[in-house]
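A.B. asks: My structure is in query.txt, and what it holds is compact mmCIF, C-alpha atoms and all ligand atoms:
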```txt
# COMPACT_ATOMS: atom_id res chain seq x y z
CA MET A 328 5.87 57.71 -159.49
CA SER A 329 9.12 59.36 -158.52
CA ILE A 330 9.46 63.13 -158.58
CA GLU A 331 13.19 63.58 -158.29
CA GLY A 332 16.13 65.50 -159.63
CA ARG A 333 16.54 68.32 -157.11
CA ILE A 334 19.93 68.85 -158.66
CA GLY A 335 19.53 69.30 -162.41
CA PRO A 336 16.24 69.13 -164.28
CA PRO A 337 13.23 67.59 -162.50
CA ARG A 338 12.45 63.92 -163.24
CA PHE A 339 8.94 62.44 -163.37
CA ASP A 340 9.96 58.92 -164.42
CA GLY A 341 6.99 56.64 -164.93
CA ALA A 342 4.47 59.22 -163.63
CA ASN A 343 1.15 59.22 -165.50
CA VAL A 344 0.13 62.77 -166.36
CA LEU A 345 -3.34 63.72 -167.58
CA LEU A 346 -3.22 67.09 -169.31
CA THR A 347 -6.23 69.13 -170.45
CA GLY A 348 -5.97 71.66 -173.26
CA ALA A 349 -2.90 69.73 -174.42
CA GLY A 350 -3.43 70.44 -178.11
CA SER A 351 -1.85 73.86 -178.16
CA GLY A 352 0.27 76.49 -176.43
CA ILE A 353 1.15 75.95 -172.78
CA GLY A 354 -0.59 72.54 -172.74
CA ARG A 355 1.47 71.20 -175.64
CA ALA A 356 4.68 72.59 -174.10
CA LEU A 357 3.80 70.94 -170.78
CA ALA A 358 3.19 67.62 -172.56
CA LEU A 359 6.64 67.75 -174.19
CA GLU A 360 8.34 68.84 -170.96
CA PHE A 361 6.67 66.13 -168.85
CA ALA A 362 7.58 63.48 -171.43
CA GLN A 363 11.17 64.68 -171.54
CA ALA A 364 11.23 64.32 -167.76
CA GLY A 365 10.21 60.65 -168.11
CA ALA A 366 6.45 60.93 -167.58
CA HIS A 367 3.77 59.09 -169.58
CA VAL A 368 1.40 61.66 -171.02
CA ALA A 369 -2.35 61.47 -171.62
CA ALA A 370 -2.84 64.48 -173.89
CA THR A 371 -6.48 65.57 -173.96
CA ASP A 372 -8.22 68.42 -175.75
CA VAL A 373 -11.68 69.29 -177.00
CA ASP A 374 -9.96 69.54 -180.39
CA ASP A 375 -9.01 65.87 -180.64
CA GLU A 376 -6.84 66.31 -183.74
CA SER A 377 -4.67 68.85 -181.91
CA ALA A 378 -4.33 66.46 -178.95
CA ALA A 379 -3.30 63.70 -181.37
CA GLU A 380 -0.68 66.05 -182.87
CA THR A 381 0.74 66.70 -179.41
CA ALA A 382 0.96 62.97 -178.70
CA ARG A 383 2.70 62.46 -182.05
CA ALA A 384 5.19 65.23 -181.23
CA VAL A 385 5.94 63.61 -177.85
CA ARG A 386 6.48 60.20 -179.44
CA ALA A 387 8.64 61.72 -182.19
CA ALA A 388 10.85 63.13 -179.41
CA GLY A 389 11.17 59.62 -177.91
CA GLY A 390 8.52 60.01 -175.19
CA VAL A 391 5.37 58.07 -174.24
CA ALA A 392 1.98 59.65 -175.01
CA ARG A 393 -1.58 58.86 -176.00
CA SER A 394 -4.29 61.31 -176.96
CA TYR A 395 -7.94 61.51 -175.98
CA ALA A 396 -10.77 63.85 -176.91
CA LEU A 397 -12.07 65.60 -173.79
CA ASP A 398 -14.33 68.60 -173.39
CA VAL A 399 -13.70 69.71 -169.80
CA THR A 400 -17.26 71.06 -169.51
CA ASP A 401 -18.78 67.58 -169.75
CA ASP A 402 -18.97 65.35 -166.61
CA ALA A 403 -19.70 62.11 -168.47
CA TRP A 404 -16.77 62.76 -170.80
CA TRP A 405 -14.46 63.25 -167.81
CA SER A 406 -15.48 59.91 -166.25
CA ALA A 407 -15.05 58.05 -169.54
CA VAL A 408 -11.62 59.56 -170.28
CA VAL A 409 -10.26 58.99 -166.76
CA ALA A 410 -11.37 55.34 -166.94
CA ARG A 411 -9.70 54.91 -170.35
CA VAL A 412 -6.46 56.62 -169.28
CA GLU A 413 -6.26 54.44 -166.17
CA ARG A 414 -6.86 51.35 -168.28
CA ASP A 415 -4.23 52.40 -170.86
CA LEU A 416 -1.52 53.88 -168.61
CA GLY A 417 -2.44 53.12 -164.99
CA PRO A 418 -3.42 55.44 -162.11
CA ILE A 419 -3.10 59.17 -162.75
CA ASP A 420 -0.24 60.70 -160.75
CA VAL A 421 -0.44 64.25 -162.07
CA LEU A 422 -3.51 66.16 -163.22
CA ALA A 423 -2.54 69.24 -165.21
CA SER A 424 -5.76 71.22 -165.48
CA ASN A 425 -4.80 73.65 -168.19
CA ALA A 426 -7.67 74.03 -170.70
CA GLY A 427 -8.98 77.55 -170.85
CA SER A 428 -10.54 80.26 -172.92
CA SER A 429 -10.12 84.00 -172.92
CA SER A 430 -11.95 87.26 -172.53
CA SER A 431 -14.75 88.72 -174.67
CA ARG A 432 -12.89 92.02 -174.17
CA ARG A 433 -16.09 93.78 -173.18
CA GLU A 434 -16.51 96.10 -170.23
CA LEU A 435 -18.96 95.09 -167.52
CA THR A 436 -21.86 97.18 -168.82
CA GLU A 437 -21.64 95.36 -172.15
CA LEU A 438 -20.58 91.92 -170.97
CA SER A 439 -23.22 89.29 -171.63
CA VAL A 440 -24.14 86.90 -168.86
CA GLU A 441 -24.15 84.17 -171.50
CA TYR A 442 -20.47 84.72 -172.28
CA LEU A 443 -19.60 84.87 -168.58
CA ARG A 444 -21.50 81.63 -167.93
CA TRP A 445 -19.70 79.89 -170.80
CA LEU A 446 -16.26 81.13 -169.66
CA PHE A 447 -16.85 80.05 -166.07
CA ASP A 448 -17.94 76.64 -167.36
CA VAL A 449 -14.61 76.17 -169.17
CA ASN A 450 -12.12 77.95 -166.88
CA VAL A 451 -13.56 77.19 -163.44
CA LEU A 452 -16.11 74.38 -163.57
CA GLY A 453 -13.92 72.49 -166.06
CA ALA A 454 -11.20 72.43 -163.39
CA VAL A 455 -13.68 71.48 -160.66
CA ARG A 456 -14.95 68.59 -162.80
CA GLY A 457 -11.35 67.42 -163.20
CA ILE A 458 -10.86 67.48 -159.43
CA ARG A 459 -14.02 65.41 -158.91
CA ALA A 460 -12.95 62.87 -161.54
CA VAL A 461 -9.29 62.45 -160.53
CA VAL A 462 -8.56 63.59 -156.96
CA PRO A 463 -10.57 60.91 -155.06
CA GLY A 464 -8.31 58.25 -156.66
CA MET A 465 -5.17 60.21 -155.72
CA ARG A 466 -6.38 60.54 -152.12
CA ALA A 467 -7.14 56.83 -151.93
CA ARG A 468 -3.62 56.04 -153.18
CA GLY A 469 -2.11 58.68 -150.85
CA ARG A 470 -0.20 60.41 -153.62
CA GLY A 471 -0.59 62.78 -156.56
CA SER A 472 -0.12 66.31 -157.82
CA VAL A 473 -2.61 68.74 -159.30
CA LEU A 474 -1.38 71.66 -161.38
CA PHE A 475 -3.89 74.34 -162.38
CA THR A 476 -3.07 76.83 -165.09
CA GLY A 477 -4.17 80.06 -163.48
CA SER A 478 -2.94 83.48 -164.53
CA MET A 479 -1.64 86.74 -163.14
CA ALA A 480 -5.18 87.85 -164.10
CA GLY A 481 -6.23 85.84 -161.03
CA LEU A 482 -4.31 88.22 -158.78
CA TRP A 483 -5.17 91.64 -160.15
CA VAL A 484 -7.53 93.12 -162.73
CA GLY A 485 -6.84 95.07 -165.89
CA ARG A 486 -9.29 97.11 -167.96
CA GLY A 487 -11.57 95.22 -170.35
CA GLY A 488 -10.84 91.73 -169.07
CA ALA A 489 -13.40 91.47 -166.26
CA ASP A 490 -14.79 88.12 -167.44
CA TYR A 491 -11.39 86.40 -167.75
CA SER A 492 -10.10 87.91 -164.49
CA ALA A 493 -13.22 86.81 -162.62
CA THR A 494 -12.69 83.21 -163.77
CA LYS A 495 -8.98 83.19 -162.89
CA HIS A 496 -9.67 84.73 -159.45
CA ALA A 497 -12.25 81.97 -158.91
CA LEU A 498 -9.78 79.33 -160.10
CA LEU A 499 -7.24 80.55 -157.53
CA ALA A 500 -9.90 80.13 -154.82
CA VAL A 501 -10.64 76.61 -156.09
CA ALA A 502 -6.94 75.67 -156.09
CA ASP A 503 -6.30 77.13 -152.64
CA SER A 504 -9.41 75.38 -151.26
CA LEU A 505 -8.25 72.07 -152.73
CA ARG A 506 -4.82 72.60 -151.15
CA ASN A 507 -6.55 72.92 -147.73
CA GLU A 508 -8.85 69.97 -148.33
CA VAL A 509 -6.14 67.49 -149.35
CA ALA A 510 -3.48 68.65 -146.86
CA GLY A 511 -2.20 65.50 -145.17
CA ASP A 512 -3.52 63.15 -147.87
CA GLY A 513 -0.28 63.04 -149.91
CA VAL A 514 -1.75 65.16 -152.72
CA ARG A 515 0.06 68.35 -153.67
CA VAL A 516 -1.55 71.34 -155.36
CA SER A 517 0.05 74.09 -157.44
CA ILE A 518 -1.23 76.98 -159.50
CA LEU A 519 0.72 78.27 -162.44
CA CYS A 520 0.34 82.05 -162.78
CA PRO A 521 1.78 83.23 -166.10
CA SER A 522 1.49 86.70 -167.52
CA ALA A 523 1.60 87.04 -171.35
CA VAL A 524 2.56 83.91 -173.34
CA PRO A 525 2.48 83.85 -177.15
CA THR A 526 -0.07 81.08 -177.88
CA ARG A 527 -3.20 80.53 -179.97
CA LEU A 528 -5.48 81.50 -177.06
CA ALA A 529 -7.30 84.31 -178.92
CA GLU A 530 -7.84 82.01 -181.91
CA THR A 531 -8.96 78.92 -179.95
CA THR A 532 -11.30 81.14 -177.91
CA ARG A 533 -12.75 82.67 -181.08
CA SER A 534 -13.40 79.24 -182.54
CA ARG A 535 -15.44 78.07 -179.52
CA ALA A 536 -16.86 81.18 -177.82
CA VAL A 537 -20.62 81.62 -177.54
CA GLU A 538 -20.24 85.06 -179.08
CA PRO A 539 -17.42 86.91 -180.84
CA ALA A 540 -15.06 89.08 -178.85
CA ALA A 541 -15.28 92.85 -179.18
CA VAL A 542 -12.72 94.24 -181.60
CA PRO A 543 -10.37 96.37 -179.51
CA ASP A 544 -9.99 99.95 -180.71
CA PRO A 545 -6.44 101.10 -181.57
CA THR A 546 -6.09 102.95 -178.24
CA ARG A 547 -6.94 99.72 -176.40
CA ALA A 548 -4.43 97.77 -178.49
CA ALA A 549 -1.69 100.25 -177.55
CA GLU A 550 -2.80 100.05 -173.90
CA MET A 551 -2.56 96.25 -174.04
CA ALA A 552 0.97 96.40 -175.47
CA THR A 553 2.04 98.72 -172.62
CA LEU A 554 0.38 96.42 -170.11
CA VAL A 555 2.24 93.37 -171.45
CA ALA A 556 5.53 95.30 -171.28
CA GLU A 557 4.77 96.38 -167.69
CA THR A 558 3.85 92.88 -166.51
CA GLY A 559 6.94 90.90 -167.42
CA GLY A 560 6.76 90.98 -171.23
CA MET A 561 6.32 87.73 -173.15
CA VAL A 562 7.68 84.40 -171.93
CA SER A 563 7.53 81.39 -174.26
CA ALA A 564 5.24 78.43 -173.55
CA GLU A 565 8.35 76.20 -173.43
CA GLU A 566 9.93 78.33 -170.71
CA VAL A 567 6.63 78.41 -168.79
CA ALA A 568 6.50 74.60 -168.97
CA ARG A 569 10.09 74.27 -167.78
CA ILE A 570 9.43 76.54 -164.78
CA SER A 571 6.20 74.62 -164.04
CA LEU A 572 7.98 71.29 -163.65
CA GLU A 573 10.54 72.85 -161.32
CA GLY A 574 7.73 74.35 -159.25
CA LEU A 575 5.94 70.98 -159.07
CA ARG A 576 9.12 69.18 -158.09
CA ASP A 577 9.72 71.73 -155.33
CA GLY A 578 6.10 71.46 -154.11
CA ARG A 579 5.40 75.17 -154.55
CA PHE A 580 1.75 76.27 -154.53
CA TYR A 581 2.27 79.47 -156.52
CA ILE A 582 4.33 79.04 -159.67
CA PHE A 583 5.25 82.40 -161.17
CA THR A 584 6.90 82.65 -164.55
CA HIS A 585 7.29 86.33 -165.45
CA ALA A 586 9.82 88.38 -163.49
CA GLY A 587 8.35 91.82 -162.80
CA SER A 588 4.73 90.71 -163.31
CA GLY A 589 3.75 91.23 -159.66
CA THR A 590 3.72 95.03 -159.46
CA ARG A 591 -0.02 95.47 -159.85
CA PHE A 592 -0.76 92.69 -157.38
CA LEU A 593 1.60 94.28 -154.86
CA GLU A 594 -0.16 97.64 -155.36
CA ARG A 595 -3.49 95.95 -154.65
CA SER A 596 -2.07 94.24 -151.55
CA ALA A 597 -0.59 97.53 -150.33
CA GLU A 598 -4.01 99.23 -150.66
CA ILE A 599 -5.64 96.41 -148.68
CA ALA A 600 -2.91 96.59 -146.04
CA ARG A 601 -3.34 100.39 -145.75
CA GLU A 602 -7.11 100.06 -145.33
CA LEU A 603 -6.79 97.31 -142.72
CA ALA A 604 -4.18 99.32 -140.81
CA ARG A 605 -6.50 102.35 -140.89
CA LEU A 606 -9.30 100.22 -139.45
CA ASP A 607 -7.03 98.87 -136.74
CA ARG A 608 -5.86 102.39 -135.87
CA GLY A 609 -9.49 103.55 -135.85
CA SER A 610 -10.63 100.79 -133.49
CA ALA A 611 -7.65 101.53 -131.21
CA VAL A 612 -8.88 105.15 -131.01
CA ASP A 613 -12.54 104.09 -130.52
CA THR A 614 -11.76 101.83 -127.62
CA GLY A 615 -9.29 104.28 -126.07
N1 LIG A 701 -1.45 82.78 -173.36
C1 LIG A 701 -1.40 83.56 -172.28
O1 LIG A 701 -0.97 84.72 -172.33
C2 LIG A 701 -1.86 83.00 -170.96
C3 LIG A 701 -1.53 83.71 -169.79
C4 LIG A 701 -1.95 83.21 -168.57
C5 LIG A 701 -2.69 82.05 -168.51
N2 LIG A 701 -3.02 81.39 -169.65
C6 LIG A 701 -3.82 80.16 -169.53
O2 LIG A 701 -3.10 79.09 -170.11
C7 LIG A 701 -4.02 78.05 -170.43
C8 LIG A 701 -3.68 77.50 -171.80
O3 LIG A 701 -3.91 78.51 -172.76
P1 LIG A 701 -2.89 78.84 -173.95
O4 LIG A 701 -2.49 80.25 -173.79
O5 LIG A 701 -1.89 77.78 -174.08
O6 LIG A 701 -3.92 78.85 -175.19
P2 LIG A 701 -4.18 77.82 -176.39
O7 LIG A 701 -5.40 78.30 -177.05
O8 LIG A 701 -2.94 77.70 -177.21
O9 LIG A 701 -4.48 76.44 -175.64
C9 LIG A 701 -5.70 76.23 -174.97
C10 LIG A 701 -6.19 74.83 -175.30
O10 LIG A 701 -7.38 74.57 -174.53
C11 LIG A 701 -8.29 73.88 -175.35
N3 LIG A 701 -9.66 74.04 -174.85
C12 LIG A 701 -10.46 75.13 -174.93
N4 LIG A 701 -11.67 74.85 -174.42
C13 LIG A 701 -11.64 73.55 -174.01
C14 LIG A 701 -12.58 72.67 -173.42
N5 LIG A 701 -13.84 73.08 -173.17
N6 LIG A 701 -12.19 71.41 -173.13
C15 LIG A 701 -10.93 70.98 -173.41
N7 LIG A 701 -10.01 71.76 -174.00
C16 LIG A 701 -10.35 73.03 -174.29
C17 LIG A 701 -8.11 74.50 -176.73
O11 LIG A 701 -8.61 73.65 -177.76
C18 LIG A 701 -6.60 74.69 -176.78
O12 LIG A 701 -5.94 73.59 -177.35
C19 LIG A 701 -5.41 78.66 -170.31
O13 LIG A 701 -6.00 78.23 -169.09
C20 LIG A 701 -5.14 80.15 -170.27
O14 LIG A 701 -6.13 80.86 -169.58
C21 LIG A 701 -2.61 81.84 -170.88
```
Before anything else, please render the file you have as structure tokens.

C.D. replies:
Amino acid sequence: MSIEGRIGPPRFDGANVLLTGAGSGIGRALALEFAQAGAHVAATDVDDESAAETARAVRAAGGVARSYALDVTDDAWWSAVVARVERDLGPIDVLASNAGSSSSRRELTELSVEYLRWLFDVNVLGAVRGIRAVVPGMRARGRGSVLFTGSMAGLWVGRGGADYSATKHALLAVADSLRNEVAGDGVRVSILCPSAVPTRLAETTRSRAVEPAAVPDPTRAAEMATLVAETGGMVSAEEVARISLEGLRDGRFYIFTHAGSGTRFLERSAEIARELARLDRGSAVDTG
């Protein structure tokens, strides 16, 4: 694998990339972007027809891709797919752990534990299963990259998205822990943190969720629109994919995609900083 092209677009010539959730949205855009950069793509999705469509789109654009059905919540499925990809393409150089589902849009008092358990299984444990299936091989070979699709919802919380935010905060902890664990082994870790991206996420979530999402009232819908505007607006999946490959090439851990999306995180950090400073001032007085 060579990750090159510091001047001009990044190149991933001959790198084998296993992508989850590659059948739609950000995953499909990543597949096309990786292929355009010279990578060989293993496009996986629980919806195998959508993964096959992605692989066809990559090949139609002159790239190399194969598709595989993979439900990230299933350990045995992970082992079987990794073995098949390695047989078909060779060792996996990049794991793009992207599959995810969205919020039930319920507040905590109404949020079912069942939904939360299901969402954690997809968004967090799905990524952990991917690490267990792919990273030992990368470590043994002394090279590789892991890209998690996190979210700005992993850095701050908005109203009515407690379940989704909790999973994306947990995913950030998983990614940062992996970064510490593989430091020095030649494996690089990044987490993509987009804000709003126009994709089929609500629809793909609806089709698989253990229970339907709450229908947001009109006030909530207006609130959501304001929130999107205040957190960097919409950025296309294609642009998110382009920024992701630059971030990977540059070895950045945090890959941000929406200018202006950090305000609420910075407010949270400022509150924490104020409280810590107050504590420090207090202990200085106590010991004085
Ligand atoms: N769209 C946004 O605004 C946004 C913002 C920040 C982060 N994200 C994250 O981006 C990632 C991709 O979502 P998207 O917006 O492109 O949505 P999408 O629905 O277009 O794509 C998600 C894909 O994941 C697949 N998937 C769902 N459950 C799966 C499972 N158990 N196993 C394998 N595949 C599964 C779906 O079939 C779908 O193809 C998700 O992790 C999402 O949380 C999205």

A.B. asks: Kindly work out which residues sit at most 7 Å from ligand LIG 701 (chain A), using only C-alpha atoms and all ligand atoms, and give the list as a PyMOL selection string.

C.D. replies: chain A and resi 347-354+372-374+377+397-400+425-429+449-450+476-479+520-532

A.B. asks: What is the atom CA of A:Ala342-atom CA of A:Val391 distance in Å, reported with one decimal?

C.D. replies: 10.7 Å

A.B. asks: Report the distance between atom CA of A:Trp404 and atom CA of A:Gly471 in Å, rounded to one decimal place.

C.D. replies: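 Those two atoms sit 21.6 Å apart.
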
A.B. asks: Point out the residue among A:Arg470, A:Ser563, A:Ile419, A:Ala493 with the least atom-to-atom distance to A:Val509, counting all atoms listed in the file.

C.D. replies: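 Under the stated criterion, the closest residue is A:Arg470.
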
A.B. asks: For a test of reading the model, state the distance in Å between atom CA of A:Val455 and atom CA of A:Gly469, rounded to one decimal.

C.D. replies: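 That distance, rounded to one decimal, is 19.8 Å.
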
A.B. asks: List every residue of stretch 482-517 of chain A that has an atom at most 12 Å from any atom of stretch 550-553 of chain A, giving for each one its closest atom pair and the distance in Å to one decimal, counting only C-alpha atoms, sorted by chain and then by ascending residue number, as a Markdown table.

C.D. replies:
```
| residue | atom | partner | partner_atom | distance |
| --- | --- | --- | --- | --- |
| A:Gly485 | CA | A:Met551 | CA | 9.3 |
| A:Arg486 | CA | A:Met551 | CA | 9.1 |
| A:Gly487 | CA | A:Met551 | CA | 9.8 |
| A:Gly488 | CA | A:Met551 | CA | 10.7 |
```

A.B. asks: Between A:Val514, A:Ala541, A:Leu519, A:Leu554, which residue has the minimum interatomic distance to A:Thr584, considering all atoms listed in the file?

C.D. replies: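 Among A:Val514, A:Ala541, A:Leu519, A:Leu554, it is A:Leu519 that comes nearest to A:Thr584.
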
A.B. asks: Let me make sure I understand: among A:Glu437, A:Ala502, A:Ala388, A:Ala423, which one has the smallest atom-to-atom distance to A:Ser571 if we use all atoms listed in the file?

C.D. replies: A:Ala423

A.B. asks: So, with only C-alpha atoms as the atoms that count, which of A:His585, A:Arg459, A:His367, A:Arg414 lies closest to A:Asp402?

C.D. replies: A:Arg459

A.B. asks: Which residue gives the smallest distance to A:Ala548 among A:Arg432, A:Leu606, A:Leu357, A:Arg383, with all atoms listed in the file counted?

C.D. replies: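 Using all atoms listed in the file, the shortest distance to A:Ala548 belongs to A:Arg432.
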